[in-house]
Amino acid sequence: MGNPGQAGAGVMFRDANSTVLGVLCVGLGWQTNFYAEACAIIYGALLAKIWKATNICIRSDSMSCIQALEKDELPWQLRQKWRVAKKFFSNIRYIHSYREINFSADALAKRACLLAEDIFEFYEGRPGFILPVEWTGQSYFRFN
């Protein structure tokens, strides 16, 4: 909500078949958009250990965040957290998605903005407030 402004991180966890395993919302307090995007990925990777995954795919609508993670050029406040998180995985794949198909994570981030700083909400499976509007195998398009 603004940049900088009240921030939250929203993460959706899916298996290889796109089934929703769980969702995470984290209140971040007053932060920049870039910081919130990076936190979503880092906290998501840390929590992905629950499913004992050794290979993960990180999908984000922030190309600058993906590039910073790949080059290990995160802000100093997040650098050590990312180094700890990525040690758990033998393979990490990064995919940039347009914002238009990242609507579930955006809805979670907006919900997270209402949380106090450092408050986490985790829901196993797909919670009722995230509508099942995505279609597996469906191509999404961006029109200019």
# chains A, B, ... in the order shown; residues from 1 in each chain; ligands from 1
>>> select_by_dssp(residues="region 49-126 of chain A", states="helix (DSSP H, G or I)", output="ChimeraX atom specification")
/A:49-51,63-71,76-86,99-101,103-113
>>> residues_around(residues="region 95-104 of chain A", least_positions_apart="5", cutoff="7 Å", atoms="only C-alpha atoms", output="JSON list (two decimals) with N, CA and C atoms, in the first residue's frame")
[["chain", "number", "residue", "atom", "x", "y", "z"],
["A", 58, "ILE", "N", 10.32, -20.88, -8.05],
["A", 58, "ILE", "CA", 9.88, -19.59, -7.50],
["A", 58, "ILE", "C", 9.32, -18.77, -8.64],
["A", 59, "ARG", "N", 8.05, -18.40, -8.52],
["A", 59, "ARG", "CA", 7.39, -17.60, -9.54],
["A", 59, "ARG", "C", 7.05, -16.26, -8.91],
["A", 60, "SER", "N", 7.50, -15.19, -9.54],
["A", 60, "SER", "CA", 7.26, -13.85, -9.02],
["A", 60, "SER", "C", 6.96, -12.90, -10.16],
["A", 61, "ASP", "N", 6.20, -11.84, -9.86],
["A", 61, "ASP", "CA", 5.96, -10.82, -10.88],
["A", 61, "ASP", "C", 6.98, -9.69, -10.78],
["A", 62, "SER", "N", 8.00, -9.86, -9.95],
["A", 62, "SER", "CA", 9.05, -8.85, -9.81],
["A", 62, "SER", "C", 10.34, -9.35, -10.44],
["A", 63, "MET", "N", 10.61, -8.90, -11.66],
["A", 63, "MET", "CA", 11.84, -9.30, -12.34],
["A", 63, "MET", "C", 13.06, -8.79, -11.59],
["A", 130, "ILE", "N", -9.51, -17.44, -0.89],
["A", 130, "ILE", "CA", -8.80, -17.47, -2.18],
["A", 130, "ILE", "C", -9.65, -18.31, -3.13],
["A", 140, "TYR", "N", -2.48, -17.84, -20.09],
["A", 140, "TYR", "CA", -2.93, -16.50, -19.72],
["A", 140, "TYR", "C", -2.21, -15.51, -20.63]]
>>> closest_atom_pairs(of="region 11-52 of chain A", to="region 74-90 of chain A", cutoff="7 Å", atoms="only C-alpha atoms", output="CSV")
residue,atom,partner,partner_atom,distance
A:Ile42,CA,A:Trp82,CA,5.7
A:Ala45,CA,A:Ala85,CA,5.9
A:Leu46,CA,A:Ala85,CA,5.2
>>> residues_around(residues="Ala38 (chain A)", least_positions_apart="2", cutoff="9 Å", atoms="only C-alpha atoms", output="ChimeraX atom specification")
/A:9,33-36,40-43,62,65-66,68-69,74,78,82
>>> closest_residue(among="A:Ile50, A:Glu70, A:Arg126, A:Val26", to="Met12 (chain A)", atoms="only C-alpha atoms")
A:Arg126
>>> residues_around(residues="Trp30 (chain A)", least_positions_apart="4", cutoff="7 Å", atoms="only C-alpha atoms", output="list of chain:residue names")
A:Pro4, A:Gly5, A:Gln6, A:Ala7
